[in-house]
Amino acid sequence: MASDRSERPGKATVRKFVEMKRRGEPITVLTAYDFLFSRILGEEGVDILLVGDSLAQVALGYETTLPVTLDEMLHHARAVRRGAPDAFIVVDLPFLTYQVSPEDALRNAGRVMKEAGVQAVKLEGGDEKTCETVRALVQAGIPVMGHLGLRPQSVHALGGYRVQGRGKGEAERMREEAEALQAAGCFSLVLELVPASLAGAVSEALEIPTIGIGAGPRCDGQVLVLPDALGLNGGFTPRFLKRFADLEEEVRAAVRRYIEEVRERTYPGPEHSFEEGER
């Protein structure tokens, strides 16, 4: 029988994150879309790399997540895996790759696992049909991360990017859906744009970890879109976002210096050039 290399020391599994929740150890999650940044995230020890369908907006220039395709997600997920060969990687299933039927979802999620070599997929929603899909994927051996609150793939139905779970009825429904997703087999659950008190109550009620974005400090972990966290998306300023760097201005300044030096012929200099016979 082949040895299970996924269990070697230092290699994260879904059980690690449940154990982290039990110990009260926060889980760190950042999105990743390419080789270079995923290499850095993996080497710095980010717990989970999420190849999010936010790829549509921050890398491909679409207005919403809806247009991104499964092939585009796979293209970027493979690059992330090459950059972070030992990281725990989750890939978003894009719009209409899992909503039609559990069989369709299984086929598409199977492609993600086989072709990208990642550990899990993520999907949005918590109604009975979604839970049926989760059960089918988990039964087939595919770990699933759930997603409640603001569901970007349903942004038009939700009436825009606004806080979800306000009011007694909405809050109760979210609690019920969270418990249903846990029962269906999800190993963790993203809560996006949810009142902090509700996110805390959901987190305390579940055995699986919650990962918050705009959901307050009482979730079991936090996730941010990497370009937003690095200050590369200057026009995006939601209340929940903290910029941990201002790379957009640094990049702009570097580009300006490059243009200036090339036009003034100060770059390349002798130290950047080769002479006959040099190697």
# chains A, B, ... in the order shown; residues from 1 in each chain; ligands from 1
>>> residues_around(residues="Thr133 in chain A", least_positions_apart="3", cutoff="9 Å", atoms="only C-alpha atoms", output="list of chain:residue names")
A:Tyr98, A:Gln99, A:Ser101, A:Pro102, A:Glu103, A:Ala105, A:Leu106, A:Glu128, A:Lys129, A:Thr130, A:Ala136, A:Leu137, A:Val138, A:Ala184
>>> write_last_selection(atoms="C-alpha atoms", output="short mmCIF file (atom, residue, chain, number, x, y, z; two decimals), in the first residue's frame")
data_model
loop_
_atom_site.label_atom_id
_atom_site.label_comp_id
_atom_site.auth_asym_id
_atom_site.auth_seq_id
_atom_site.Cartn_x
_atom_site.Cartn_y
_atom_site.Cartn_z
CA TYR A 98 -21.77 23.36 -9.06
CA GLN A 99 -25.27 24.87 -8.97
CA SER A 101 -26.60 19.36 -10.13
CA PRO A 102 -24.48 17.36 -7.66
CA GLU A 103 -23.22 15.29 -10.59
CA ALA A 105 -20.39 19.67 -9.24
CA LEU A 106 -18.64 16.34 -8.67
CA GLU A 128 -30.72 22.08 1.00
CA LYS A 129 -29.63 21.78 -2.63
CA THR A 130 -26.19 23.13 -1.79
CA ALA A 136 -21.89 14.26 -2.75
CA LEU A 137 -18.44 15.87 -2.89
CA VAL A 138 -17.46 14.80 0.61
CA ALA A 184 -23.26 17.89 5.29
#
>>> residues_around(residues="range 214-225 of chain A", least_positions_apart="6", cutoff="10 Å", atoms="only C-alpha atoms", output="VMD selection string")
chain A and resid 17 to 18 20 to 22 24 to 32 47 to 52 54 to 55 58 149 to 150 163 to 164 188 to 204 208 233 238 to 243
>>> write_last_selection(atoms="C-alpha atoms", output="mmCIF file, in the first residue's frame")
data_model
loop_
_atom_site.group_PDB
_atom_site.id
_atom_site.type_symbol
_atom_site.label_atom_id
_atom_site.label_comp_id
_atom_site.auth_asym_id
_atom_site.auth_seq_id
_atom_site.Cartn_x
_atom_site.Cartn_y
_atom_site.Cartn_z
ATOM 1 C CA PHE A 17 -7.854 23.294 11.209
ATOM 2 C CA VAL A 18 -10.445 21.646 13.462
ATOM 3 C CA MET A 20 -6.596 24.731 15.675
ATOM 4 C CA LYS A 21 -10.155 25.817 16.484
ATOM 5 C CA ARG A 22 -10.209 23.575 19.554
ATOM 6 C CA GLY A 24 -8.161 28.631 20.081
ATOM 7 C CA GLU A 25 -5.363 29.170 17.552
ATOM 8 C CA PRO A 26 -6.401 31.635 14.784
ATOM 9 C CA ILE A 27 -6.227 30.390 11.198
ATOM 10 C CA THR A 28 -4.611 32.635 8.573
ATOM 11 C CA VAL A 29 -5.950 32.630 5.016
ATOM 12 C CA LEU A 30 -4.924 34.764 2.032
ATOM 13 C CA THR A 31 -5.894 34.573 -1.607
ATOM 14 C CA ALA A 32 -3.264 33.584 -4.161
ATOM 15 C CA ASP A 47 -2.181 28.367 6.881
ATOM 16 C CA ILE A 48 -4.468 28.258 3.820
ATOM 17 C CA LEU A 49 -3.997 29.677 0.322
ATOM 18 C CA LEU A 50 -7.332 30.375 -1.369
ATOM 19 C CA VAL A 51 -7.427 30.547 -5.147
ATOM 20 C CA GLY A 52 -10.515 32.713 -5.009
ATOM 21 C CA SER A 54 -11.937 37.121 -6.891
ATOM 22 C CA LEU A 55 -9.353 36.291 -9.551
ATOM 23 C CA VAL A 58 -8.167 41.528 -9.301
ATOM 24 C CA GLY A 149 -23.141 35.805 4.297
ATOM 25 C CA LEU A 150 -22.335 37.908 1.272
ATOM 26 C CA VAL A 163 -23.891 43.212 5.048
ATOM 27 C CA GLN A 164 -25.937 40.008 5.369
ATOM 28 C CA SER A 188 -14.701 24.957 7.486
ATOM 29 C CA LEU A 189 -16.928 27.903 6.651
ATOM 30 C CA VAL A 190 -16.256 31.415 5.327
ATOM 31 C CA LEU A 191 -18.476 34.152 6.790
ATOM 32 C CA GLU A 192 -18.400 37.281 4.630
ATOM 33 C CA LEU A 193 -19.883 40.686 5.564
ATOM 34 C CA VAL A 194 -21.771 39.439 8.604
ATOM 35 C CA PRO A 195 -22.443 41.360 11.836
ATOM 36 C CA ALA A 196 -19.689 40.555 14.326
ATOM 37 C CA SER A 197 -22.117 39.366 17.000
ATOM 38 C CA LEU A 198 -23.791 36.907 14.604
ATOM 39 C CA ALA A 199 -20.454 35.649 13.279
ATOM 40 C CA GLY A 200 -19.318 35.084 16.857
ATOM 41 C CA ALA A 201 -22.483 33.176 17.735
ATOM 42 C CA VAL A 202 -22.162 30.991 14.628
ATOM 43 C CA SER A 203 -18.499 30.325 15.379
ATOM 44 C CA GLU A 204 -19.275 29.253 18.931
ATOM 45 C CA ILE A 208 -15.718 23.347 12.382
ATOM 46 C CA ASN A 233 -6.082 47.960 -5.217
ATOM 47 C CA PRO A 238 -14.336 48.780 2.439
ATOM 48 C CA ARG A 239 -14.572 49.284 6.182
ATOM 49 C CA PHE A 240 -13.285 45.802 7.025
ATOM 50 C CA LEU A 241 -10.075 46.118 4.994
ATOM 51 C CA LYS A 242 -6.749 46.866 6.626
ATOM 52 C CA ARG A 243 -3.878 47.562 4.248
#
>>> residues_around(residues="Cys131 in chain A", least_positions_apart="5", cutoff="7 Å", atoms="only C-alpha atoms", output="mmCIF file with C-alpha atoms, in the first residue's frame")
data_model
loop_
_atom_site.group_PDB
_atom_site.id
_atom_site.type_symbol
_atom_site.label_atom_id
_atom_site.label_comp_id
_atom_site.auth_asym_id
_atom_site.auth_seq_id
_atom_site.Cartn_x
_atom_site.Cartn_y
_atom_site.Cartn_z
ATOM 1 C CA GLY A 126 -26.297 26.801 2.484
ATOM 2 C CA ALA A 180 -26.565 22.270 7.903
ATOM 3 C CA LEU A 181 -23.271 22.778 6.050
ATOM 4 C CA ALA A 184 -23.262 17.892 5.293
#
>>> closest_residue(among="A:Ala205, A:Leu60, A:Ala84, A:Val14", to="Val46 in chain A", atoms="only C-alpha atoms")
A:Ala84
>>> select_by_dssp(residues="range 27-57 of chain A", states="helix (DSSP H, G or I)", output="number ranges by chain")
A: 35-44, 55-57
>>> residues_around(residues="Arg39 in chain A", least_positions_apart="3", cutoff="6 Å", atoms="only C-alpha atoms", output="MDAnalysis selection string")
chainID A and resid 36 42 83:84
>>> select_by_dssp(residues="range 127-219 of chain A", states="strand (DSSP E or B)", output="list in words")
Val144, Met145, Gly146, His147, Leu148, Gly149, Ser188, Leu189, Val190, Leu191, Glu192, Thr210, Ile211, Gly212 and Ile213 of chain A
